[in-house]
file protein33.txt (compact mmCIF, C-alpha atoms and all ligand atoms)
# COMPACT_ATOMS: atom_id res chain seq x y z
CA MET A 1 29.98 -40.56 9.53
CA GLY A 2 26.72 -38.86 10.37
CA VAL A 3 26.01 -35.33 9.19
CA ILE A 4 24.81 -32.91 11.84
CA LEU A 5 22.44 -30.32 10.50
CA PHE A 6 22.37 -27.07 12.44
CA SER A 7 19.11 -25.23 12.16
CA LYS A 8 19.04 -21.68 13.44
CA GLN A 9 16.51 -21.33 16.25
CA MET A 10 14.10 -18.45 16.26
CA ASN A 11 14.15 -16.37 19.40
CA ASN A 12 10.40 -15.86 19.48
CA ILE A 13 9.64 -12.77 21.55
CA TYR A 14 5.97 -13.76 21.78
CA ASN A 15 6.92 -16.84 23.76
CA GLN A 16 9.11 -14.81 26.09
CA LEU A 17 6.65 -12.09 27.05
CA LYS A 18 4.47 -12.77 30.03
CA SER A 19 0.78 -12.57 29.13
CA PRO A 20 -0.96 -10.25 29.11
CA PHE A 21 1.70 -7.97 27.68
CA THR A 22 1.35 -4.32 26.66
CA VAL A 23 2.43 -2.78 23.35
CA LEU A 24 2.80 0.81 22.19
CA ALA A 25 0.94 1.03 18.86
CA PRO A 26 2.77 2.13 15.72
CA LEU A 27 1.95 5.84 15.39
CA ASP A 28 3.29 7.44 12.24
CA ASP A 29 5.32 10.60 12.93
CA VAL A 30 4.81 10.05 16.67
CA SER A 31 6.35 6.78 17.94
CA ASP A 32 9.84 7.40 16.57
CA VAL A 33 13.15 6.66 18.27
CA VAL A 34 12.90 9.98 20.17
CA PHE A 35 9.40 9.55 21.58
CA ARG A 36 10.17 5.96 22.52
CA GLU A 37 13.06 7.19 24.66
CA ILE A 38 10.73 9.61 26.45
CA ILE A 39 8.18 6.83 27.03
CA SER A 40 10.89 4.45 28.23
CA ASP A 41 11.94 7.02 30.81
CA CYS A 42 8.35 7.51 31.98
CA ALA A 43 6.94 3.96 31.85
CA ARG A 44 7.71 1.59 29.01
CA PRO A 45 5.40 -0.99 27.47
CA ASP A 46 6.51 -4.62 27.25
CA LEU A 47 6.91 -4.25 23.49
CA PHE A 48 7.55 -1.33 21.16
CA PHE A 49 6.68 -0.95 17.45
CA THR A 50 8.35 1.29 14.90
CA GLU A 51 6.19 3.55 12.75
CA PHE A 52 5.15 1.85 9.52
CA VAL A 53 7.82 1.94 6.84
CA ASN A 54 7.24 1.35 3.15
CA VAL A 55 9.21 -1.59 1.73
CA ASP A 56 8.97 -0.34 -1.86
CA GLY A 57 10.48 2.99 -0.78
CA LEU A 58 13.15 1.25 1.30
CA GLN A 59 14.24 -0.85 -1.66
CA SER A 60 14.42 2.20 -3.99
CA ILE A 61 16.66 5.23 -4.37
CA GLY A 62 14.27 6.98 -1.97
CA ARG A 63 15.58 4.78 0.87
CA GLU A 64 17.53 7.55 2.62
CA LYS A 65 14.36 9.53 3.20
CA LEU A 66 12.73 6.64 5.07
CA VAL A 67 15.39 4.64 6.77
CA HIS A 68 15.34 6.78 9.92
CA LYS A 69 11.96 5.21 10.69
CA LEU A 70 13.91 2.04 11.46
CA TRP A 71 16.41 3.69 13.79
CA LYS A 72 16.35 2.19 17.25
CA THR A 73 18.43 2.17 20.39
CA ASP A 74 19.16 -0.68 22.78
CA GLY A 75 16.61 0.91 25.10
CA ASP A 76 13.89 0.18 22.54
CA ASP A 77 14.44 -3.58 22.62
CA PRO A 78 12.34 -5.61 22.24
CA ILE A 79 10.87 -3.79 19.26
CA ILE A 80 8.87 -4.95 16.23
CA ALA A 81 9.44 -3.34 12.82
CA GLN A 82 6.21 -2.58 11.02
CA ILE A 83 6.27 -2.66 7.22
CA TRP A 84 3.82 -2.02 4.40
CA GLY A 85 3.89 -1.83 0.63
CA LYS A 86 2.86 -3.53 -2.57
CA THR A 87 5.62 -5.76 -3.90
CA PRO A 88 6.24 -9.15 -2.27
CA ASP A 89 9.89 -9.20 -3.36
CA ASN A 90 10.50 -5.94 -1.49
CA TYR A 91 8.95 -7.47 1.64
CA TYR A 92 11.36 -10.38 1.22
CA LYS A 93 14.41 -8.15 0.88
CA THR A 94 13.35 -5.91 3.75
CA ALA A 95 12.63 -8.85 6.06
CA LYS A 96 16.16 -10.14 5.42
CA GLU A 97 17.54 -6.75 6.46
CA LEU A 98 15.37 -6.56 9.56
CA VAL A 99 16.79 -9.87 10.78
CA LYS A 100 20.28 -8.36 10.61
CA MET A 101 19.21 -5.10 12.25
CA GLY A 102 18.24 -6.87 15.47
CA PHE A 103 14.49 -6.39 15.52
CA ALA A 104 12.42 -8.75 17.66
CA GLY A 105 9.83 -9.35 14.96
CA ILE A 106 8.19 -8.11 11.79
CA ASP A 107 4.63 -6.86 11.54
CA ILE A 108 2.79 -6.33 8.27
CA ASN A 109 0.35 -3.42 8.19
CA MET A 110 -2.99 -4.57 6.78
CA GLY A 111 -5.05 -1.95 8.59
CA CYS A 112 -4.11 1.57 7.49
CA PRO A 113 -7.22 3.23 5.97
CA ASP A 114 -5.45 6.15 4.26
CA LYS A 115 -7.11 6.91 0.89
CA ALA A 116 -3.87 7.06 -1.11
CA VAL A 117 -2.67 3.80 0.40
CA ILE A 118 -5.96 2.07 -0.45
CA LYS A 119 -5.87 3.42 -4.01
CA ASN A 120 -2.51 1.73 -4.35
CA GLY A 121 -3.99 -1.58 -3.14
CA CYS A 122 -1.95 -1.62 0.09
CA CYS A 123 -2.64 -2.06 3.82
CA VAL A 124 -6.37 -2.37 4.58
CA ALA A 125 -7.10 -2.86 0.84
CA LEU A 126 -5.46 -6.28 1.17
CA ILE A 127 -8.64 -7.46 2.92
CA ASN A 128 -10.08 -7.50 -0.61
CA ASN A 129 -7.03 -9.05 -2.27
CA ARG A 130 -6.23 -12.20 -0.33
CA GLU A 131 -4.06 -13.63 -3.05
CA LEU A 132 -1.65 -10.70 -2.71
CA ALA A 133 -2.00 -10.72 1.10
CA LYS A 134 -0.84 -14.35 1.10
CA GLU A 135 2.06 -13.61 -1.26
CA ILE A 136 3.15 -10.76 1.02
CA ILE A 137 2.99 -12.89 4.16
CA ASP A 138 4.87 -15.74 2.46
CA ALA A 139 7.55 -13.38 1.09
CA THR A 140 8.03 -11.78 4.53
CA LYS A 141 8.32 -15.18 6.18
CA ALA A 142 10.81 -16.32 3.55
CA GLY A 143 12.93 -13.22 4.22
CA ALA A 144 12.68 -13.72 7.99
CA ALA A 145 13.85 -17.31 7.35
CA GLY A 146 12.50 -18.57 10.65
CA MET A 147 14.70 -16.11 12.56
CA LEU A 148 12.00 -13.58 13.42
CA PRO A 149 8.31 -13.98 14.24
CA VAL A 150 5.92 -12.50 11.67
CA SER A 151 2.60 -10.88 12.55
CA VAL A 152 -0.19 -8.89 10.88
CA LYS A 153 -1.98 -5.82 12.26
CA THR A 154 -5.44 -5.38 10.82
CA ARG A 155 -9.01 -4.19 11.35
CA LEU A 156 -12.37 -5.95 11.66
CA GLY A 157 -13.12 -5.69 7.95
CA PHE A 158 -13.32 -3.26 5.04
CA ASN A 159 -16.83 -1.78 4.90
CA GLU A 160 -18.38 -4.42 7.14
CA ILE A 161 -17.14 -6.75 9.84
CA ASP A 162 -15.74 -9.71 7.91
CA LEU A 163 -14.58 -12.67 9.97
CA THR A 164 -13.64 -14.64 6.85
CA TRP A 165 -10.63 -12.29 6.70
CA HIS A 166 -9.48 -13.27 10.19
CA GLU A 167 -10.13 -16.92 9.43
CA PHE A 168 -7.92 -16.52 6.36
CA LEU A 169 -5.18 -14.83 8.43
CA LEU A 170 -5.39 -17.48 11.15
CA ASN A 171 -4.66 -20.07 8.48
CA GLN A 172 -1.38 -18.34 7.53
CA ASN A 173 0.56 -19.69 10.50
CA LEU A 174 1.28 -16.23 11.92
CA ASP A 175 3.03 -15.75 15.24
CA ALA A 176 0.68 -12.94 16.25
CA LEU A 177 -2.38 -11.09 15.04
CA TYR A 178 -3.02 -7.52 16.16
CA ILE A 179 -6.69 -6.56 15.89
CA HIS A 180 -7.83 -2.95 15.88
CA GLY A 181 -11.52 -3.31 16.73
CA ARG A 182 -12.99 -1.20 13.95
CA THR A 183 -13.58 -1.58 10.20
CA LYS A 184 -11.86 0.56 7.58
CA LYS A 185 -15.14 2.43 7.04
CA GLU A 186 -15.42 3.23 10.73
CA LEU A 187 -11.94 4.80 10.82
CA SER A 188 -11.71 5.83 14.50
CA LEU A 189 -15.19 7.33 14.60
CA VAL A 190 -16.99 4.67 16.66
CA PRO A 191 -15.98 2.83 19.84
CA ALA A 192 -13.79 -0.22 19.29
CA GLN A 193 -15.82 -3.45 19.24
CA TRP A 194 -14.16 -5.68 21.78
CA ASP A 195 -16.86 -8.35 21.52
CA VAL A 196 -15.75 -8.93 17.91
CA ILE A 197 -12.08 -9.05 18.96
CA ASN A 198 -13.23 -11.72 21.41
CA GLU A 199 -14.93 -13.69 18.60
CA ILE A 200 -11.65 -13.67 16.69
CA ARG A 201 -9.83 -14.89 19.79
CA VAL A 202 -12.34 -17.77 20.08
CA MET A 203 -11.69 -18.59 16.40
CA ARG A 204 -7.95 -18.52 17.11
CA ASP A 205 -8.38 -21.08 19.90
CA LYS A 206 -9.80 -23.48 17.31
CA ILE A 207 -7.78 -22.71 14.17
CA SER A 208 -4.34 -21.62 15.32
CA PRO A 209 -3.78 -21.83 19.10
CA LYS A 210 -0.13 -20.72 18.80
CA THR A 211 -1.01 -17.36 17.19
CA LYS A 212 -1.05 -14.65 19.88
CA ILE A 213 -4.00 -12.27 19.74
CA ILE A 214 -3.44 -8.66 20.73
CA GLY A 215 -6.45 -6.35 21.02
CA ASN A 216 -6.35 -2.65 20.18
CA GLY A 217 -8.78 0.25 20.40
CA ASP A 218 -9.55 3.02 22.92
CA ILE A 219 -7.52 1.59 25.80
CA LYS A 220 -6.15 4.39 27.97
CA ASN A 221 -3.76 2.84 30.45
CA LYS A 222 -2.26 -0.29 31.94
CA ALA A 223 -5.14 -0.92 34.35
CA GLU A 224 -7.65 -0.91 31.48
CA ALA A 225 -5.29 -3.07 29.42
CA LEU A 226 -5.21 -5.74 32.13
CA GLU A 227 -8.98 -5.55 32.57
CA TYR A 228 -9.67 -6.07 28.84
CA ALA A 229 -7.03 -8.76 28.40
CA THR A 230 -8.51 -10.73 31.28
CA LYS A 231 -12.12 -10.22 30.22
CA TYR A 232 -11.50 -11.35 26.63
CA LYS A 233 -8.67 -13.84 27.30
CA LEU A 234 -6.21 -11.98 25.09
CA ASP A 235 -2.43 -12.38 25.01
CA GLY A 236 -1.75 -8.69 24.85
CA ILE A 237 -3.17 -5.19 24.54
CA MET A 238 -1.93 -2.43 22.26
CA ILE A 239 -2.36 1.22 23.27
CA GLY A 240 -2.27 4.03 20.70
CA ARG A 241 -3.84 7.40 21.37
CA GLY A 242 -3.95 6.73 25.12
CA ILE A 243 -0.32 7.83 25.15
CA PHE A 244 -1.37 11.31 23.92
CA SER A 245 -3.16 12.00 27.18
CA ASN A 246 -0.66 10.28 29.47
CA PRO A 247 3.03 9.50 28.80
CA TYR A 248 2.89 7.27 31.90
CA ALA A 249 0.01 5.18 30.45
CA PHE A 250 2.07 1.97 30.58
CA GLY A 251 3.05 2.34 34.23
CA GLU A 252 1.45 0.72 37.28
CA ASP A 253 1.40 4.24 38.66
CA PHE A 254 -0.10 5.85 35.54
CA LYS A 255 -2.01 8.37 37.66
CA GLN A 256 1.18 10.24 38.49
CA TRP A 257 0.80 12.29 35.29
CA GLU A 258 -2.24 13.98 36.85
CA ILE A 259 -0.14 15.47 39.62
CA LYS A 260 2.86 16.55 37.53
CA THR A 261 3.59 20.28 37.76
CA SER A 262 3.72 22.64 34.80
CA GLN A 263 7.52 22.65 35.24
CA ASP A 264 7.60 18.85 34.95
CA LYS A 265 5.43 18.87 31.82
CA VAL A 266 7.27 21.63 30.02
CA GLY A 267 10.55 20.02 31.13
CA LEU A 268 9.53 16.75 29.45
CA TYR A 269 8.62 18.58 26.25
CA LYS A 270 11.98 20.39 26.30
CA LYS A 271 13.74 17.07 26.71
CA HIS A 272 11.83 15.71 23.71
CA VAL A 273 12.78 18.70 21.56
CA GLU A 274 16.42 18.42 22.63
CA LEU A 275 16.53 14.69 21.79
CA PHE A 276 14.90 15.42 18.43
CA THR A 277 17.50 18.12 17.70
CA ASN A 278 20.35 15.76 18.55
CA THR A 279 18.87 12.85 16.57
CA TYR A 280 17.81 14.29 13.24
CA LYS A 281 20.24 16.32 11.18
CA ASN A 282 19.79 18.22 7.91
CA ASN A 283 16.01 18.17 8.06
CA GLN A 284 15.88 14.34 8.08
CA ARG A 285 12.55 14.69 9.82
CA ASN A 286 10.43 17.80 9.50
CA PHE A 287 10.47 19.71 12.80
CA SER A 288 6.73 20.40 12.54
CA VAL A 289 5.97 16.86 13.79
CA LEU A 290 7.05 18.23 17.19
CA LYS A 291 4.05 20.54 17.27
CA ARG A 292 1.59 17.70 17.73
CA PHE A 293 3.35 16.80 20.99
CA ALA A 294 2.21 20.12 22.45
CA LYS A 295 -1.10 18.47 23.23
CA VAL A 296 0.67 15.55 24.91
CA TYR A 297 2.72 17.61 27.34
CA ILE A 298 1.11 21.02 27.60
CA ASN A 299 -2.21 20.58 29.31
CA ASN A 300 -4.09 21.01 32.58
CA PHE A 301 -2.15 23.91 34.03
CA ASP A 302 -2.63 27.67 34.08
CA GLY A 303 -1.28 29.17 30.88
CA ALA A 304 -1.21 25.81 29.03
CA ASN A 305 -3.51 27.02 26.23
CA ALA A 306 -1.46 30.14 25.59
CA LEU A 307 1.78 28.15 25.52
CA ARG A 308 0.32 25.56 23.12
CA GLU A 309 -0.92 28.31 20.83
CA SER A 310 2.49 29.96 20.82
CA ILE A 311 4.11 26.65 19.86
CA VAL A 312 1.91 25.63 16.96
CA VAL A 313 2.63 28.84 15.03
CA GLN A 314 6.42 28.45 15.10
CA LYS A 315 8.13 28.13 11.73
CA SER A 316 11.44 26.51 12.66
CA LEU A 317 12.97 24.15 15.19
CA GLU A 318 15.01 27.03 16.66
CA ASP A 319 11.90 29.18 17.12
CA LEU A 320 9.98 26.32 18.69
CA SER A 321 12.83 25.69 21.16
CA ARG A 322 13.00 29.38 21.93
CA ALA A 323 9.25 29.59 22.61
CA LEU A 324 9.57 26.71 25.08
CA ASN A 325 12.69 28.08 26.73
CA ASN A 326 11.14 31.53 27.13
CA TRP A 327 8.14 30.11 28.92
CA GLN A 328 7.79 31.23 32.48
CA GLU A 329 5.17 30.16 34.94
C1 LIG B 401 -1.21 9.59 14.51
C2 LIG B 401 -1.48 8.14 14.25
C3 LIG B 401 -0.57 7.41 13.48
C4 LIG B 401 -0.79 6.04 13.23
N1 LIG B 401 0.15 5.34 12.54
C5 LIG B 401 -0.01 3.99 12.38
C6 LIG B 401 1.00 3.19 11.76
O1 LIG B 401 2.06 3.67 11.33
N2 LIG B 401 0.76 1.85 11.65
C7 LIG B 401 -0.39 1.26 12.13
O2 LIG B 401 -0.55 0.03 12.04
N3 LIG B 401 -1.34 1.99 12.72
C8 LIG B 401 -1.17 3.32 12.87
N4 LIG B 401 -2.13 4.03 13.54
C9 LIG B 401 -3.26 3.33 14.17
C10 LIG B 401 -2.89 2.95 15.63
O3 LIG B 401 -1.75 2.12 15.66
C11 LIG B 401 -4.05 2.26 16.36
O4 LIG B 401 -4.37 1.06 15.69
C12 LIG B 401 -5.30 3.14 16.44
O5 LIG B 401 -4.97 4.47 16.84
C13 LIG B 401 -6.34 2.54 17.40
O6 LIG B 401 -5.81 2.40 18.69
P1 LIG B 401 -6.15 3.47 19.86
O7 LIG B 401 -7.66 3.59 19.93
O8 LIG B 401 -5.52 2.90 21.10
O9 LIG B 401 -5.53 4.77 19.43
C14 LIG B 401 -1.96 5.41 13.75
C15 LIG B 401 -2.88 6.15 14.51
C16 LIG B 401 -2.66 7.49 14.76
C17 LIG B 401 -3.66 8.26 15.59
call {"tool": "encode", "arguments": {"input": "protein33.txt", "output": "structure tokens"}}
result
Amino acid sequence: MGVILFSKQMNNIYNQLKSPFTVLAPLDDVSDVVFREIISDCARPDLFFTEFVNVDGLQSIGREKLVHKLWKTDGDDPIIAQIWGKTPDNYYKTAKELVKMGFAGIDINMGCPDKAVIKNGCCVALINNRELAKEIIDATKAGAAGMLPVSVKTRLGFNEIDLTWHEFLLNQNLDALYIHGRTKKELSLVPAQWDVINEIRVMRDKISPKTKIIGNGDIKNKAEALEYATKYKLDGIMIGRGIFSNPYAFGEDFKQWEIKTSQDKVGLYKKHVELFTNTYKNNQRNFSVLKRFAKVYINNFDGANALRESIVVQKSLEDLSRALNNWQE
């Protein structure tokens, strides 16, 4: 009698999305489960990311302090979990959990330029430690066990543009590669270099045609995303700070934000604060992260500056809510 071997099939989100697809960038303390709901109601991208979450913290007694970064609702799907850290075994264990949690994929952060992170040899520092980068990718893939696609988000290089890094990554059999078009040294101080992203895409065509390439850097809205994806033959475009100036950035009709009234804008902020209040209990997330959203919602209307200034000085969630509720045109 023959033995039938069942192999579990990966549901690869990257093969299901129509190119070019749009992605909301991981934005620490910004793109949480609350903000994603707001963006979904305005105009959602094709794919969401979580904020980056540290695998070493997740697999330690400090887990409770971090795990909310992986909260998601059905409305977030499809969503990629972004992870970072130092220890391959913790990537393995976390990837196994992410499969069970229903994420659409796992992304490894190899781009964050934070000084403390680099000192610890993580994220963008992995450009200079390819042995560990490979171990991390292999451990993540082993944990994902073929059930979830694995990608890397990275920059153009450490101090200089370094295409040997992308060549190395393209030889790791990744499902996708997200390229932020600046080096670590450049932080976000210079314009993103899309011609270099294009060079990496050309390299991909030769080395690893199945790896999707998603470009990232300075894109403001869906129209620009389509323009850049077409010009550079990319599979997708990731938008980060563009969302700060327009919550409708991912919509066909992204210009509608320009004609929203002050009531609409303050109303959206109030909704955000209310969702935050209902989501996080017992100080799970510090309320002060809400202050940075003042610049997202409160702009381009009479009295916007005064309202923003009154918000950023608030010392508690209750006071911040009160300041918003007391606002009158
Ligand atoms: C507030 C903030 C938080 C960020 N957090 C993350 C993060 O958690 N993971 C990550 O890969 N990149 C993070 N980034 C980088 C963005 O994802 C993105 O690569 C960068 O902002 C460039 O894209 P943009 O020019 O469209 O903003 C962050 C950027 C900002 C401004």
call {"tool": "closest_atom_pairs", "arguments": {"input": "protein33.txt", "of": "chain A", "to": "ligand LIG 401 (chain B)", "cutoff": "8 Å", "atoms": "all atoms listed in the file", "output": "Markdown table"}}
result
| residue | atom | partner | partner_atom | distance |
| --- | --- | --- | --- | --- |
| A:Ala25 | CA | B:LIG401 | O3 | 4.3 |
| A:Pro26 | CA | B:LIG401 | C6 | 4.5 |
| A:Leu27 | CA | B:LIG401 | N1 | 3.4 |
| A:Asp28 | CA | B:LIG401 | N1 | 3.8 |
| A:Asp29 | CA | B:LIG401 | C3 | 6.7 |
| A:Val30 | CA | B:LIG401 | C1 | 6.4 |
| A:Thr50 | CA | B:LIG401 | O1 | 7.6 |
| A:Glu51 | CA | B:LIG401 | O1 | 4.4 |
| A:Phe52 | CA | B:LIG401 | O1 | 4.0 |
| A:Val53 | CA | B:LIG401 | O1 | 7.5 |
| A:Gln82 | CA | B:LIG401 | N2 | 7.1 |
| A:Asn109 | CA | B:LIG401 | O2 | 5.2 |
| A:Met110 | CA | B:LIG401 | O2 | 7.4 |
| A:Gly111 | CA | B:LIG401 | O2 | 6.0 |
| A:Cys112 | CA | B:LIG401 | N3 | 5.9 |
| A:Lys153 | CA | B:LIG401 | O2 | 6.0 |
| A:Thr154 | CA | B:LIG401 | O2 | 7.4 |
| A:Ile179 | CA | B:LIG401 | O4 | 8.0 |
| A:His180 | CA | B:LIG401 | O4 | 5.3 |
| A:Gly181 | CA | B:LIG401 | C13 | 7.8 |
| A:Ser188 | CA | B:LIG401 | C13 | 6.9 |
| A:Ala192 | CA | B:LIG401 | O7 | 7.2 |
| A:Asn216 | CA | B:LIG401 | O6 | 5.3 |
| A:Gly217 | CA | B:LIG401 | O7 | 3.6 |
| A:Asp218 | CA | B:LIG401 | O7 | 3.6 |
| A:Ile219 | CA | B:LIG401 | O8 | 5.3 |
| A:Lys220 | CA | B:LIG401 | O8 | 7.1 |
| A:Met238 | CA | B:LIG401 | O8 | 6.5 |
| A:Ile239 | CA | B:LIG401 | O8 | 4.2 |
| A:Gly240 | CA | B:LIG401 | O8 | 3.5 |
| A:Arg241 | CA | B:LIG401 | O9 | 3.7 |
| A:Gly242 | CA | B:LIG401 | O8 | 5.8 |
call {"tool": "residues_around", "arguments": {"input": "protein33.txt", "residues": "Ser288 (chain A)", "least_positions_apart": "2", "cutoff": "8 Å", "atoms": "all atoms listed in the file", "output": "short mmCIF file (atom, residue, chain, number, x, y, z; two decimals) with C-alpha atoms, keeping the file's coordinate frame"}}
result
data_model
loop_
_atom_site.label_atom_id
_atom_site.label_comp_id
_atom_site.auth_asym_id
_atom_site.auth_seq_id
_atom_site.Cartn_x
_atom_site.Cartn_y
_atom_site.Cartn_z
CA ASN A 286 10.43 17.80 9.50
CA LEU A 290 7.05 18.23 17.19
CA LYS A 291 4.05 20.54 17.27
CA ARG A 292 1.59 17.70 17.73
CA LYS A 315 8.13 28.13 11.73
CA SER A 316 11.44 26.51 12.66
CA LEU A 317 12.97 24.15 15.19
#
call {"tool": "closest_residue", "arguments": {"input": "protein33.txt", "among": "A:Val150, A:Met101, A:Cys42, A:Ala95", "to": "Lys260 (chain A)", "atoms": "only C-alpha atoms"}}
result
A:Cys42
call {"tool": "residues_around", "arguments": {"input": "protein33.txt", "residues": "Gly267 (chain A)", "least_positions_apart": "5", "cutoff": "12 Å", "atoms": "all atoms listed in the file", "output": "ChimeraX atom specification"}}
result
/A:38,260-262,272-274,297-298,321,324-325,327-328
call {"tool": "atom_distance", "arguments": {"input": "protein33.txt", "atom1": "CA of Asn159 (chain A)", "atom2": "CA of Arg201 (chain A)"}}
result
21.0 Å
call {"tool": "residues_around", "arguments": {"input": "protein33.txt", "residues": "region 72-74 of chain A", "least_positions_apart": "4", "cutoff": "10 Å", "atoms": "only C-alpha atoms", "output": "PyMOL selection string"}}
result
chain A and resi 32-34+36-37+50+68+78-79+81+101-103
call {"tool": "closest_residue", "arguments": {"input": "protein33.txt", "among": "A:Lys134, A:Gly62, A:Asn299, A:Pro88", "to": "Asp264 (chain A)", "atoms": "all atoms listed in the file"}}
result
A:Asn299
call {"tool": "closest_residue", "arguments": {"input": "protein33.txt", "among": "A:Phe48, A:Phe35, A:Phe287, A:Phe21", "to": "Lys222 (chain A)", "atoms": "all atoms listed in the file"}}
result
A:Phe21
call {"tool": "closest_residue", "arguments": {"input": "protein33.txt", "among": "A:Ala139, A:Ile214, A:Val67, A:Ala176", "to": "Asn198 (chain A)", "atoms": "all atoms listed in the file"}}
result
A:Ile214
